[in-house]
Structures are given as C-alpha cells and as structure tokens.
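> I have a structure here, written as structure tokens, and I will follow up with some questions on it.
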Amino acid sequence: MEAMPQSWTDDRLDNFRGEVAGRFDGVDRRFEQVDERFDRMDERFDVVNGRFDLVNEQIKEVGGRMGRLEERMGRLEARFSSWERTIFQLGVATIVTFVVGFAGVIATLIALLL
C-alpha cells in the first residue's frame, strides 16, 4: 500500500471535490430513477384501487340482491306453509270421511242382518 501523503495540495483537493461531487451526482440520478419508479407504482396502485372500488360496489349490489331474494323466499315459504296446512287438512278430512263412510256401511250391514 502506498503511504498517504502528509499534505493535500490545492489540485488534489479540487480533484477530490470533483470526484466526490460526480459520485453524488450519480447517487442523485439513481434516486431520481427510484422516484420515477415509485411514481409509476403509485399510478398502478391507483388503478388497482379503482378496480377494488368497482368490486366493492358489485359486492354491495349482490348483497342487496341476496337480501331481496331472502325476502322473496320468506314470502314463498309462508305460501308453501299455508298450502301444506291446507293439504294436511284436506287429507285429514278425507280420512275422516272414509272412516265415517265405512262405519255407516258396517252399521247398515249390521242393521240388515239383525
């Protein structure tokens, strides 16, 4: 290794200052490139955020439709429930009618045989 000189001349200091300034200029250029990349990323994120806003609106719309569908299903279920009740009542009435009819036939047969 070379031994460091004991004193710095004005020319050497000027050269050193120029070299340091040149390196910092390179660093500044690189930071400008990084800033440009971040600006592009910000633009892309803005686009993505816009798309997420659209998706959120669509989800809200689907949620509203699901709510309306649930209301309709509730009304339909109430209608079916009343139909089930009516069909059950008709079935019971039919069975009672058959039982009463058989009882009448049996009573008539017994009356004829006695």
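Note on naming: chains are A, B, ... as they come in the structure tokens, residues start from 1 per chain, ligands start from 1 in the order shown.
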Output as JSON lines one row per residue of stretch 72-101 of chain A within 12 Å of stretch 43-67 of chain A: the closest atom pair and its distance in Å to one decimal place, counting only C-alpha atoms, sorted by chain and residue number ascending.

```
{"residue": "A:Arg72", "atom": "CA", "partner": "A:Gly67", "partner_atom": "CA", "distance": 8.8}
{"residue": "A:Met73", "atom": "CA", "partner": "A:Gly67", "partner_atom": "CA", "distance": 9.8}
{"residue": "A:Gly74", "atom": "CA", "partner": "A:Gly67", "partner_atom": "CA", "distance": 10.6}
```
> Please dump the current selection as an mmCIF file, in the first residue's frame; keep C-alpha atoms.

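As written to disk, result.cif reads:
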```cif
data_model
loop_
_atom_site.group_PDB
_atom_site.id
_atom_site.type_symbol
_atom_site.label_atom_id
_atom_site.label_comp_id
_atom_site.auth_asym_id
_atom_site.auth_seq_id
_atom_site.Cartn_x
_atom_site.Cartn_y
_atom_site.Cartn_z
ATOM 1 C CA ARG A 72 -88.998 -13.336 -1.542
ATOM 2 C CA MET A 73 -88.011 -16.745 -0.200
ATOM 3 C CA GLY A 74 -89.614 -15.867 3.132
#
```
